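Coordinates as given in query.pdb (PDB, C-alpha atoms):
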ATOM      1  CA  MET Y   1    -122.003 -91.189  64.840
ATOM      2  CA  ALA Y   2    -120.228 -89.588  61.909
ATOM      3  CA  ASP Y   3    -123.476 -89.658  59.876
ATOM      4  CA  VAL Y   4    -125.347 -87.950  62.738
ATOM      5  CA  ALA Y   5    -122.614 -85.333  63.043
ATOM      6  CA  ARG Y   6    -122.798 -84.523  59.294
ATOM      7  CA  LEU Y   7    -126.600 -84.264  59.314
ATOM      8  CA  ALA Y   8    -126.649 -82.102  62.456
ATOM      9  CA  GLY Y   9    -123.711 -79.972  61.328
ATOM     10  CA  VAL Y  10    -121.723 -80.612  64.500
ATOM     11  CA  SER Y  11    -118.612 -82.543  65.517
ATOM     12  CA  ALA Y  12    -118.597 -86.235  66.403
ATOM     13  CA  GLN Y  13    -117.483 -85.212  69.891
ATOM     14  CA  THR Y  14    -120.673 -83.156  70.318
ATOM     15  CA  VAL Y  15    -122.750 -86.148  69.220
ATOM     16  CA  SER Y  16    -120.923 -88.248  71.803
ATOM     17  CA  ARG Y  17    -121.608 -85.692  74.533
ATOM     18  CA  VAL Y  18    -125.305 -85.562  73.669
ATOM     19  CA  SER Y  19    -125.671 -89.356  73.521
ATOM     20  CA  ASN Y  20    -123.951 -89.656  76.923
ATOM     21  CA  GLY Y  21    -126.134 -86.972  78.492
ATOM     22  CA  ALA Y  22    -123.085 -84.854  79.282
ATOM     23  CA  PRO Y  23    -123.590 -81.251  80.437
ATOM     24  CA  GLY Y  24    -122.274 -78.201  78.629
ATOM     25  CA  VAL Y  25    -124.123 -78.609  75.315
ATOM     26  CA  VAL Y  26    -126.296 -75.693  74.222
ATOM     27  CA  ASP Y  27    -129.947 -76.752  74.247
ATOM     28  CA  ALA Y  28    -130.527 -75.778  70.610
ATOM     29  CA  THR Y  29    -127.523 -77.871  69.546
ATOM     30  CA  ARG Y  30    -128.697 -80.790  71.704
ATOM     31  CA  GLN Y  31    -132.138 -80.708  70.052
ATOM     32  CA  GLN Y  32    -130.500 -80.547  66.620
ATOM     33  CA  VAL Y  33    -128.409 -83.636  67.377
ATOM     34  CA  LEU Y  34    -131.385 -85.528  68.849
ATOM     35  CA  ALA Y  35    -133.428 -84.740  65.726
ATOM     36  CA  ALA Y  36    -130.633 -86.118  63.535
ATOM     37  CA  MET Y  37    -130.407 -89.249  65.669
ATOM     38  CA  LYS Y  38    -134.148 -89.786  65.308
ATOM     39  CA  GLU Y  39    -134.112 -89.244  61.559
ATOM     40  CA  LEU Y  40    -131.247 -91.686  61.043
ATOM     41  CA  GLY Y  41    -132.452 -94.208  63.624
ATOM     42  CA  TYR Y  42    -129.174 -93.897  65.524
ATOM     43  CA  ARG Y  43    -128.769 -95.598  68.888
ATOM     44  CA  PRO Y  44    -125.503 -95.613  70.880
ATOM     45  CA  ASN Y  45    -123.925 -99.067  71.085
ATOM     46  CA  SER Y  46    -123.367 -99.859  74.770
ATOM     47  CA  ALA Y  47    -121.110-102.810  73.972
ATOM     48  CA  ALA Y  48    -118.866-100.615  71.850
ATOM     49  CA  ARG Y  49    -118.796 -98.020  74.600
ATOM     50  CA  ALA Y  50    -117.757-100.649  77.125
ATOM     51  CA  LEU Y  51    -114.944-101.887  74.884
ATOM     52  CA  LYS Y  52    -113.658 -98.355  74.541
ATOM     53  CA  SER Y  53    -114.045 -97.197  78.152
ATOM     54  CA  GLY Y  54    -113.718-100.478  80.023
ATOM     55  CA  ARG Y  55    -116.957 -99.627  81.874
ATOM     56  CA  PHE Y  56    -120.508-100.901  81.420
ATOM     57  CA  HIS Y  57    -122.191 -98.122  83.424
ATOM     58  CA  THR Y  58    -124.224-100.787  85.176
ATOM     59  CA  ILE Y  59    -124.388-101.653  88.884
ATOM     60  CA  GLY Y  60    -125.375-105.120  90.072
ATOM     61  CA  VAL Y  61    -127.633-105.383  93.124
ATOM     62  CA  ILE Y  62    -127.890-108.673  95.053
ATOM     63  CA  LEU Y  63    -130.584-108.965  97.708
ATOM     64  CA  PHE Y  64    -133.176-111.200  99.306
ATOM     65  CA  ASN Y  65    -136.455-110.255 101.020
ATOM     66  CA  ILE Y  66    -137.246-107.794  98.261
ATOM     67  CA  SER Y  67    -140.696-107.268  99.775
ATOM     68  CA  THR Y  68    -139.481-105.815 103.094
ATOM     69  CA  THR Y  69    -139.991-102.101 103.606
ATOM     70  CA  GLY Y  70    -136.323-101.360 104.194
ATOM     71  CA  ASN Y  71    -135.066-103.226 101.142
ATOM     72  CA  THR Y  72    -137.776-101.820  98.885
ATOM     73  CA  ARG Y  73    -137.075 -98.226  99.873
ATOM     74  CA  THR Y  74    -133.291 -98.706  99.774
ATOM     75  CA  LEU Y  75    -133.504-100.330  96.337
ATOM     76  CA  GLU Y  76    -135.625 -97.447  95.051
ATOM     77  CA  ALA Y  77    -132.995 -94.973  96.234
ATOM     78  CA  ILE Y  78    -130.203 -97.038  94.648
ATOM     79  CA  ALA Y  79    -131.990 -97.079  91.295
ATOM     80  CA  THR Y  80    -132.737 -93.345  91.416
ATOM     81  CA  SER Y  81    -129.224 -92.387  92.498
ATOM     82  CA  ALA Y  82    -127.615 -94.650  89.900
ATOM     83  CA  ALA Y  83    -129.780 -93.211  87.126
ATOM     84  CA  ALA Y  84    -128.792 -89.680  88.141
ATOM     85  CA  GLU Y  85    -125.161 -90.701  87.609
ATOM     86  CA  GLY Y  86    -125.862 -92.311  84.230
ATOM     87  CA  TYR Y  87    -125.834 -95.888  85.538
ATOM     88  CA  ALA Y  88    -128.408 -98.645  85.161
ATOM     89  CA  ILE Y  89    -128.905-101.447  87.699
ATOM     90  CA  THR Y  90    -129.077-105.201  87.215
ATOM     91  CA  LEU Y  91    -131.131-106.772  90.011
ATOM     92  CA  LEU Y  92    -130.401-110.319  91.117
ATOM     93  CA  PRO Y  93    -132.748-111.506  93.896
ATOM     94  CA  VAL Y  94    -131.581-114.407  96.086
ATOM     95  CA  ALA Y  95    -134.470-116.799  96.695
ATOM     96  CA  ALA Y  96    -133.145-118.339  99.912
ATOM     97  CA  ALA Y  97    -130.950-116.762 102.596
ATOM     98  CA  THR Y  98    -128.258-119.440 102.409
ATOM     99  CA  GLN Y  99    -124.565-119.312 101.637
ATOM    100  CA  ASP Y 100    -125.072-121.625  98.648
ATOM    101  CA  SER Y 101    -127.555-119.127  97.216
ATOM    102  CA  VAL Y 102    -125.133-116.269  97.817
ATOM    103  CA  ARG Y 103    -122.311-118.178  96.132
ATOM    104  CA  GLY Y 104    -124.570-118.799  93.150
ATOM    105  CA  ALA Y 105    -125.542-115.140  92.980
ATOM    106  CA  PHE Y 106    -121.911-114.037  93.054
ATOM    107  CA  THR Y 107    -121.070-116.499  90.285
ATOM    108  CA  ARG Y 108    -123.970-115.260  88.181
ATOM    109  CA  MET Y 109    -123.105-111.616  88.801
ATOM    110  CA  GLY Y 110    -119.543-112.317  87.686
ATOM    111  CA  GLU Y 111    -120.938-113.403  84.296
ATOM    112  CA  LEU Y 112    -122.907-110.190  83.818
ATOM    113  CA  ALA Y 113    -121.700-106.841  82.509
ATOM    114  CA  VAL Y 114    -121.544-104.830  85.744
ATOM    115  CA  ASP Y 115    -118.938-102.427  87.077
ATOM    116  CA  GLY Y 116    -119.621-103.113  90.745
ATOM    117  CA  ILE Y 117    -122.023-104.765  93.161
ATOM    118  CA  ILE Y 118    -124.236-103.513  95.986
ATOM    119  CA  MET Y 119    -125.318-106.235  98.419
ATOM    120  CA  LEU Y 120    -128.410-105.926 100.605
ATOM    121  CA  MET Y 121    -127.974-108.968 102.821
ATOM    122  CA  GLU Y 122    -127.067-110.090 106.308
ATOM    123  CA  ALA Y 123    -123.388-110.202 107.219
ATOM    124  CA  HIS Y 124    -123.333-113.867 108.283
ATOM    125  CA  LEU Y 125    -124.036-114.912 104.692
ATOM    126  CA  LEU Y 126    -120.719-113.387 103.665
ATOM    127  CA  ASP Y 127    -118.689-115.146 106.356
ATOM    128  CA  ALA Y 128    -118.065-118.556 104.759
ATOM    129  CA  SER Y 129    -114.605-118.947 103.270
ATOM    130  CA  THR Y 130    -116.185-120.286 100.074
ATOM    131  CA  VAL Y 131    -118.239-117.107  99.590
ATOM    132  CA  THR Y 132    -116.031-114.805  97.543
ATOM    133  CA  LEU Y 133    -116.723-111.971  95.177
ATOM    134  CA  PRO Y 134    -115.940-112.343  91.470
ATOM    135  CA  PRO Y 135    -112.307-111.435  90.649
ATOM    136  CA  ARG Y 136    -111.650-107.673  90.837
ATOM    137  CA  ALA Y 137    -115.273-107.019  91.738
ATOM    138  CA  LEU Y 138    -115.886-103.742  93.543
ATOM    139  CA  ALA Y 139    -118.580-103.949  96.195
ATOM    140  CA  VAL Y 140    -120.574-102.117  98.859
ATOM    141  CA  VAL Y 141    -122.633-103.909 101.509
ATOM    142  CA  ALA Y 142    -125.660-102.335 103.194
ATOM    143  CA  ASP Y 143    -126.470-103.002 106.866
ATOM    144  CA  SER Y 144    -123.571-105.282 107.737
ATOM    145  CA  ASN Y 145    -120.670-105.618 110.161
ATOM    146  CA  ALA Y 146    -118.259-106.673 107.421
ATOM    147  CA  GLY Y 147    -116.449-103.324 107.260
ATOM    148  CA  ASP Y 148    -113.080-105.035 107.640
ATOM    149  CA  ARG Y 149    -113.565-106.712 104.245
ATOM    150  CA  TYR Y 150    -115.989-104.506 102.318
ATOM    151  CA  ARG Y 151    -117.161-100.940 102.115
ATOM    152  CA  VAL Y 152    -120.266-100.874 104.335
ATOM    153  CA  VAL Y 153    -123.125 -98.386 104.578
ATOM    154  CA  ASP Y 154    -125.221 -98.968 107.684
ATOM    155  CA  THR Y 155    -127.965 -97.292 109.663
ATOM    156  CA  ASP Y 156    -126.842 -96.246 113.150
ATOM    157  CA  GLN Y 157    -128.586 -99.232 114.741
ATOM    158  CA  VAL Y 158    -126.979 -98.697 118.146
ATOM    159  CA  GLY Y 159    -127.741 -94.999 118.380
ATOM    160  CA  GLY Y 160    -131.356 -95.529 117.332
ATOM    161  CA  ALA Y 161    -132.015 -98.331 119.829
ATOM    162  CA  GLN Y 162    -130.347 -96.426 122.659
ATOM    163  CA  ALA Y 163    -132.449 -93.351 121.904
ATOM    164  CA  ALA Y 164    -135.616 -95.471 122.156
ATOM    165  CA  VAL Y 165    -134.607 -96.928 125.528
ATOM    166  CA  GLN Y 166    -133.428 -93.585 126.907
ATOM    167  CA  HIS Y 167    -136.732 -91.975 125.921
ATOM    168  CA  LEU Y 168    -138.723 -94.568 127.869
ATOM    169  CA  LEU Y 169    -136.470 -94.455 130.927
ATOM    170  CA  GLN Y 170    -136.572 -90.660 130.994
ATOM    171  CA  LEU Y 171    -140.365 -90.874 131.069
ATOM    172  CA  GLY Y 172    -139.979 -92.746 134.355
ATOM    173  CA  HIS Y 173    -140.331 -96.413 133.402
ATOM    174  CA  ASP Y 174    -138.306 -98.760 135.624
ATOM    175  CA  THR Y 175    -137.189-100.914 132.699
ATOM    176  CA  VAL Y 176    -137.985-101.602 129.048
ATOM    177  CA  TRP Y 177    -139.059-104.913 127.531
ATOM    178  CA  HIS Y 178    -137.949-105.790 124.002
ATOM    179  CA  VAL Y 179    -139.491-107.560 121.030
ATOM    180  CA  ALA Y 180    -136.472-108.450 118.887
ATOM    181  CA  GLY Y 181    -136.142-109.429 115.247
ATOM    182  CA  PRO Y 182    -134.793-112.794 114.039
ATOM    183  CA  ALA Y 183    -131.631-114.067 115.738
ATOM    184  CA  ASP Y 184    -129.873-114.463 112.377
ATOM    185  CA  SER Y 185    -130.432-110.794 111.491
ATOM    186  CA  TYR Y 186    -127.513-108.420 111.922
ATOM    187  CA  SER Y 187    -129.801-105.422 112.377
ATOM    188  CA  ALA Y 188    -131.903-107.231 114.977
ATOM    189  CA  GLU Y 189    -128.860-108.309 116.970
ATOM    190  CA  ARG Y 190    -127.361-104.826 117.025
ATOM    191  CA  ARG Y 191    -130.660-103.467 118.363
ATOM    192  CA  VAL Y 192    -130.806-106.187 121.033
ATOM    193  CA  GLU Y 193    -127.254-105.440 122.134
ATOM    194  CA  ALA Y 194    -127.899-101.698 122.283
ATOM    195  CA  TRP Y 195    -131.149-102.184 124.228
ATOM    196  CA  ARG Y 196    -129.427-104.467 126.753
ATOM    197  CA  SER Y 197    -126.411-102.173 127.089
ATOM    198  CA  ALA Y 198    -128.618 -99.108 127.652
ATOM    199  CA  LEU Y 199    -130.436-100.867 130.505
ATOM    200  CA  GLN Y 200    -127.278-102.309 132.057
ATOM    201  CA  SER Y 201    -125.478 -98.954 132.001
ATOM    202  CA  ARG Y 202    -128.300 -97.548 134.140
ATOM    203  CA  ARG Y 203    -128.395-100.652 136.347
ATOM    204  CA  ARG Y 204    -131.920-101.536 135.325
ATOM    205  CA  GLU Y 205    -133.396-105.010 135.178
ATOM    206  CA  VAL Y 206    -132.982-106.618 131.743
ATOM    207  CA  PRO Y 207    -136.058-108.728 130.879
ATOM    208  CA  GLU Y 208    -135.734-111.723 128.573
ATOM    209  CA  PRO Y 209    -136.321-110.456 125.021
ATOM    210  CA  LEU Y 210    -139.117-111.926 122.935
ATOM    211  CA  ARG Y 211    -138.351-112.962 119.356
ATOM    212  CA  GLY Y 212    -140.289-112.059 116.235
ATOM    213  CA  ASP Y 213    -139.672-112.372 112.498
ATOM    214  CA  TRP Y 214    -140.341-108.733 111.476
ATOM    215  CA  THR Y 215    -144.013-109.453 110.685
ATOM    216  CA  ALA Y 216    -147.085-107.978 112.362
ATOM    217  CA  ASP Y 217    -148.248-111.516 113.189
ATOM    218  CA  SER Y 218    -145.112-112.199 115.216
ATOM    219  CA  GLY Y 219    -145.550-108.873 117.012
ATOM    220  CA  TYR Y 220    -149.116-109.875 117.834
ATOM    221  CA  ARG Y 221    -147.916-113.130 119.385
ATOM    222  CA  ALA Y 222    -145.321-111.256 121.435
ATOM    223  CA  GLY Y 223    -148.009-108.807 122.534
ATOM    224  CA  LEU Y 224    -150.161-111.657 123.824
ATOM    225  CA  GLN Y 225    -147.283-112.700 126.088
ATOM    226  CA  LEU Y 226    -146.459-109.185 127.266
ATOM    227  CA  ALA Y 227    -150.112-108.547 128.090
ATOM    228  CA  GLU Y 228    -149.739-111.228 130.793
ATOM    229  CA  GLU Y 229    -146.696-109.512 132.361
ATOM    230  CA  PRO Y 230    -147.978-107.309 135.196
ATOM    231  CA  ASP Y 231    -144.661-105.450 135.511
ATOM    232  CA  CYS Y 232    -144.437-104.514 131.813
ATOM    233  CA  THR Y 233    -145.041-100.778 131.357
ATOM    234  CA  ALA Y 234    -142.781-100.059 128.350
ATOM    235  CA  VAL Y 235    -141.773-101.983 125.218
ATOM    236  CA  PHE Y 236    -139.173-101.275 122.548
ATOM    237  CA  VAL Y 237    -140.093-103.180 119.381
ATOM    238  CA  ALA Y 238    -137.405-103.837 116.751
ATOM    239  CA  ASN Y 239    -139.577-102.686 113.835
ATOM    240  CA  ASP Y 240    -142.857-100.895 113.214
ATOM    241  CA  GLN Y 241    -144.653-103.848 111.640
ATOM    242  CA  MET Y 242    -144.182-105.959 114.770
ATOM    243  CA  ALA Y 243    -145.223-102.949 116.835
ATOM    244  CA  LEU Y 244    -148.479-102.827 114.872
ATOM    245  CA  GLY Y 245    -149.261-106.432 115.795
ATOM    246  CA  LEU Y 246    -148.310-105.778 119.404
ATOM    247  CA  LEU Y 247    -150.699-102.810 119.597
ATOM    248  CA  ARG Y 248    -153.535-105.051 118.431
ATOM    249  CA  ALA Y 249    -152.754-107.711 121.054
ATOM    250  CA  LEU Y 250    -152.651-105.159 123.873
ATOM    251  CA  HIS Y 251    -155.942-103.652 122.715
ATOM    252  CA  GLU Y 252    -157.617-107.060 122.669
ATOM    253  CA  HIS Y 253    -156.514-107.576 126.293
ATOM    254  CA  GLY Y 254    -158.038-104.284 127.357
ATOM    255  CA  LEU Y 255    -154.670-102.572 127.833
ATOM    256  CA  ARG Y 256    -154.381 -98.972 126.682
ATOM    257  CA  VAL Y 257    -151.356 -97.466 124.944
ATOM    258  CA  PRO Y 258    -149.751 -95.387 126.360
ATOM    259  CA  GLU Y 259    -151.837 -95.231 129.573
ATOM    260  CA  ASP Y 260    -150.989 -98.825 130.583
ATOM    261  CA  ILE Y 261    -148.011 -99.647 128.341
ATOM    262  CA  SER Y 262    -145.787 -97.362 126.270
ATOM    263  CA  VAL Y 263    -144.563 -98.643 122.882
ATOM    264  CA  VAL Y 264    -141.654 -97.516 120.680
ATOM    265  CA  GLY Y 265    -140.975 -98.962 117.234
ATOM    266  CA  PHE Y 266    -138.095 -98.773 114.753
ATOM    267  CA  ASP Y 267    -138.151 -97.742 111.054
ATOM    268  CA  ASP Y 268    -140.717 -94.918 110.956
ATOM    269  CA  LEU Y 269    -142.913 -96.413 108.255
ATOM    270  CA  PRO Y 270    -144.928 -93.866 106.277
ATOM    271  CA  GLU Y 271    -148.024 -95.294 108.024
ATOM    272  CA  ALA Y 272    -146.574 -95.094 111.562
ATOM    273  CA  GLY Y 273    -148.243 -91.756 112.214
ATOM    274  CA  SER Y 274    -151.614 -93.337 111.385
ATOM    275  CA  PHE Y 275    -151.348 -96.239 113.850
ATOM    276  CA  LEU Y 276    -153.764 -96.147 116.802
ATOM    277  CA  PRO Y 277    -152.249 -94.464 118.680
ATOM    278  CA  PRO Y 278    -149.682 -92.789 116.366
ATOM    279  CA  LEU Y 279    -146.416 -94.635 116.971
ATOM    280  CA  THR Y 280    -143.315 -93.212 118.603
ATOM    281  CA  THR Y 281    -140.487 -94.758 116.586
ATOM    282  CA  VAL Y 282    -136.885 -94.491 115.414
ATOM    283  CA  HIS Y 283    -136.592 -92.996 111.949
ATOM    284  CA  GLN Y 284    -134.313 -94.781 109.479
ATOM    285  CA  ASP Y 285    -133.287 -92.852 106.377
ATOM    286  CA  PHE Y 286    -133.455 -95.667 103.823
ATOM    287  CA  SER Y 287    -133.137 -93.211 100.946
ATOM    288  CA  GLU Y 288    -129.852 -91.908 102.333
ATOM    289  CA  VAL Y 289    -128.547 -95.461 102.783
ATOM    290  CA  GLY Y 290    -129.296 -96.215  99.125
ATOM    291  CA  ARG Y 291    -127.783 -92.940  97.940
ATOM    292  CA  ARG Y 292    -124.594 -93.473  99.915
ATOM    293  CA  CYS Y 293    -124.279 -97.053  98.675
ATOM    294  CA  VAL Y 294    -124.176 -95.718  95.112
ATOM    295  CA  GLU Y 295    -121.849 -92.882  96.097
ATOM    296  CA  GLU Y 296    -119.380 -95.236  97.817
ATOM    297  CA  LEU Y 297    -119.441 -97.741  94.944
ATOM    298  CA  LEU Y 298    -118.934 -95.111  92.250
ATOM    299  CA  ALA Y 299    -115.947 -93.761  94.183
ATOM    300  CA  GLN Y 300    -114.386 -97.231  93.963
ATOM    301  CA  ILE Y 301    -115.277 -97.581  90.286
ATOM    302  CA  ARG Y 302    -113.817 -94.210  89.349
ATOM    303  CA  ASN Y 303    -110.633 -94.847  91.332
ATOM    304  CA  ASP Y 304    -110.530 -98.499  90.208
ATOM    305  CA  GLN Y 305    -109.702 -99.451  93.774
ATOM    306  CA  GLU Y 306    -111.423-101.524  96.468
ATOM    307  CA  ALA Y 307    -112.255 -99.871  99.788
ATOM    308  CA  THR Y 308    -113.210-101.021 103.282
ATOM    309  CA  GLY Y 309    -114.689 -99.372 106.356
ATOM    310  CA  THR Y 310    -118.156 -98.359 107.509
ATOM    311  CA  THR Y 311    -120.290 -95.281 106.893
ATOM    312  CA  LEU Y 312    -123.105 -94.781 109.427
ATOM    313  CA  VAL Y 313    -126.324 -92.999 108.467
ATOM    314  CA  PRO Y 314    -127.809 -91.265 111.553
ATOM    315  CA  THR Y 315    -131.201 -92.166 113.021
ATOM    316  CA  ARG Y 316    -133.559 -89.970 115.036
ATOM    317  CA  LEU Y 317    -136.367 -90.582 117.483
ATOM    318  CA  VAL Y 318    -139.811 -89.420 116.315
ATOM    319  CA  THR Y 319    -142.024 -88.881 119.365
ATOM    320  CA  ARG Y 320    -145.748 -89.444 118.895
ATOM    321  CA  ALA Y 321    -148.651 -90.537 121.100
ATOM    322  CA  SER Y 322    -147.697 -94.132 121.967
ATOM    323  CA  THR Y 323    -145.404 -93.205 124.877
ATOM    324  CA  ALA Y 324    -146.096 -91.528 128.227
ATOM    325  CA  PRO Y 325    -144.933 -91.678 131.865
ATOM    326  CA  PRO Y 326    -146.065 -94.802 133.757
ATOM    327  CA  ARG Y 327    -149.121 -94.566 136.019
ATOM    328  CA  SER Y 328    -146.986 -94.671 139.180
ATOM    329  CA  THR Y 329    -145.311 -91.329 138.322
ATOM    330  CA  ARG Y 330    -148.403 -89.427 137.253
TER
END
Starting from the coordinates I provided, produce the structure as structure tokens.
Amino acid sequence: MADVARLAGVSAQTVSRVSNGAPGVVDATRQQVLAAMKELGYRPNSAARALKSGRFHTIGVILFNISTTGNTRTLEAIATSAAAEGYAITLLPVAAATQDSVRGAFTRMGELAVDGIIMLMEAHLLDASTVTLPPRALAVVADSNAGDRYRVVDTDQVGGAQAAVQHLLQLGHDTVWHVAGPADSYSAERRVEAWRSALQSRRREVPEPLRGDWTADSGYRAGLQLAEEPDCTAVFVANDQMALGLLRALHEHGLRVPEDISVVGFDDLPEAGSFLPPLTTVHQDFSEVGRRCVEELLAQIRNDQEATGTTLVPTRLVTRASTAPPRSTR
């Protein structure tokens, strides 16, 4: 650093500010320092920085189901937000959704040079007494009910599901059927509870929910069953991919959406507006979830203090062509 400073004709502090990407350096001076770095082959030593500052400027991310839409979009936002703050991410996928796998991931993350951890996983995997974070680890959990132990950033699952049900009831449907996600999913269970509560509060019949696994195939199978239910005029599906499969099943049975059955999804995939018909759905702001995860974790890192509690990211209903009043009210 001293060699770079001499060649560029600036102070070592200015070299440090340029190498750290700090603001407040005149552009001409920054270019002068960068040219000196290039000429001398200088690269900042991250290990030395960490020894001096006590920080690695790296965030660990533990997750499974990396291929799901929600996790992919949330992870993208985490990486982008972290980079904007001068942090890199270390990604540690968990192959199996078991507590043993989570324990192993925590152990491995404790061996790596990270300042804090963001976890994209279901709450029940954090419940075992043997599942503990590395000592002094700072953490944020996405989509969880573990706000009494961790800092949690969650989509407003309840508000989104209730908005879907209210929309269908206001159109005049007597009740709303539900295709739920997996029983071991926190998000799926919150949506089931909100759907049931919304019907019960209006004293409507609560049909037995059908279970899927978030895939279009499972939505197709649920659609085959619902096509045989003569009283089914409206369905709230726990995600858009299952809704896509359900639409196919209804079409194959000669049922029209929304003329015969109205359908509402959850997620608002980029492709949802191109479904046939375009899908009414609940919009989740995955980018905002990822951004707030980074924001909440960096607040802990900078204060060197753990935090608990839950931050909810609002949802909103996006009305398209897959919902309409039932035939009896037209």
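Distances to His283 of chain Y were evaluated for Y:Ala161, Y:Glu306, Y:Ser262, Y:Arg190 using all atoms listed in the file, and the minimum falls at Y:Ala161.
Once the PyMOL selection byres ((chain Y and resi 153) around 6) is applied to the shown structure, the selection contains Ala142, Val152, Asp154, Thr310 and Thr311 of chain Y.
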Could you tell me, as a count of residues only, exactly which residues end up selected when the PyMOL selection byres ((chain Y and resi 88) around 8) is applied to this structure?
10
Expected selection from the PyMOL selection byres ((chain Y and resi 7-21) around 6), given as JSON, numbers by chain:
{"Y": [2, 4, 5, 6, 22, 32, 33, 36]}
Please report, as AutoDock Vina command-line options, the centre and edge lengths in Å to one decimal of an axis-aligned box covering all listed atoms of segment 305-318 of chain Y with 6 Å per side.
--center_x -124.8 --center_y -95.5 --center_z 105.6 --size_x 42.1 --size_y 24.1 --size_z 35.7
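Considering only C-alpha atoms, the residue among Y:Phe56, Y:Asp240, Y:Glu252, Y:Glu85 positioned nearest to Pro23 of chain Y is Y:Glu85.
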State, in Å with one decimal place, the distance from atom CA of Ala77 of chain Y to atom CA of Thr315 of chain Y.
17.1 Å
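Neighbouring residues of segment 220-232 of chain Y at 9 Å or closer, counting all atoms listed in the file and skipping chain neighbours under 4 positions away, are Y:Thr175, Y:Val176, Y:Trp177, Y:Val179, Y:Leu210, Y:Arg211, Y:Gly212, Y:Thr215, Y:Ala216, Y:Met242, Y:Ala243, Y:Leu244, Y:Gly245, Y:Leu246, Y:Leu247, Y:Arg248, Y:Ala249, Y:Leu250, Y:Glu252, Y:His253, Y:Leu255, Y:Asp260, Y:Ile261.
Here atom CA of Gln162 of chain Y and atom CA of Asp268 of chain Y stand 15.7 Å from one another.
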Sel. within 12 Å of pt (-145.2, -91.8, 119.8), counting all atoms listed in the file, output as a PyMOL selection string
chain Y and resi 164+167-168+236+240+243+257-258+261-266+268+272-283+317-324
Please, what distance in Å, to one decimal, runs between atom CA of Thr68 of chain Y and atom CA of Thr233 of chain Y?
29.2 Å
Have a look at Y:Leu91, Y:Gly60, Y:Gly104, Y:Leu138 and name the one nearest to Asn303 of chain Y; count all atoms listed in the file.
Y:Leu138
Counting only C-alpha atoms, closest pick from Y:Ala139, Y:Glu295, Y:Ile62, Y:Tyr186 relative to Ser101 of chain Y is Y:Ile62
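Of the listed residues Y:Thr74, Y:Ala96, Y:Ile117, Y:Glu193, the one whose atoms come nearest to Arg292 of chain Y is Y:Thr74, with distances taken using only C-alpha atoms.
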Would you list the contacts of Tyr150 of chain Y as a PyMOL selection string, taking every protein, DNA or RNA residue within 7 Å and counting all atoms listed in the file, but skipping same-chain residues closer than 6 positions in sequence?
chain Y and resi 139-141+307-309
For Ala194 of chain Y, please output as a ChimeraX atom specification all residues within 12 Å (counting all atoms listed in the file; exclusion window: fewer than 5 positions along the same chain).
/Y:156-166,178,180,187-189,199-201,206,236,238
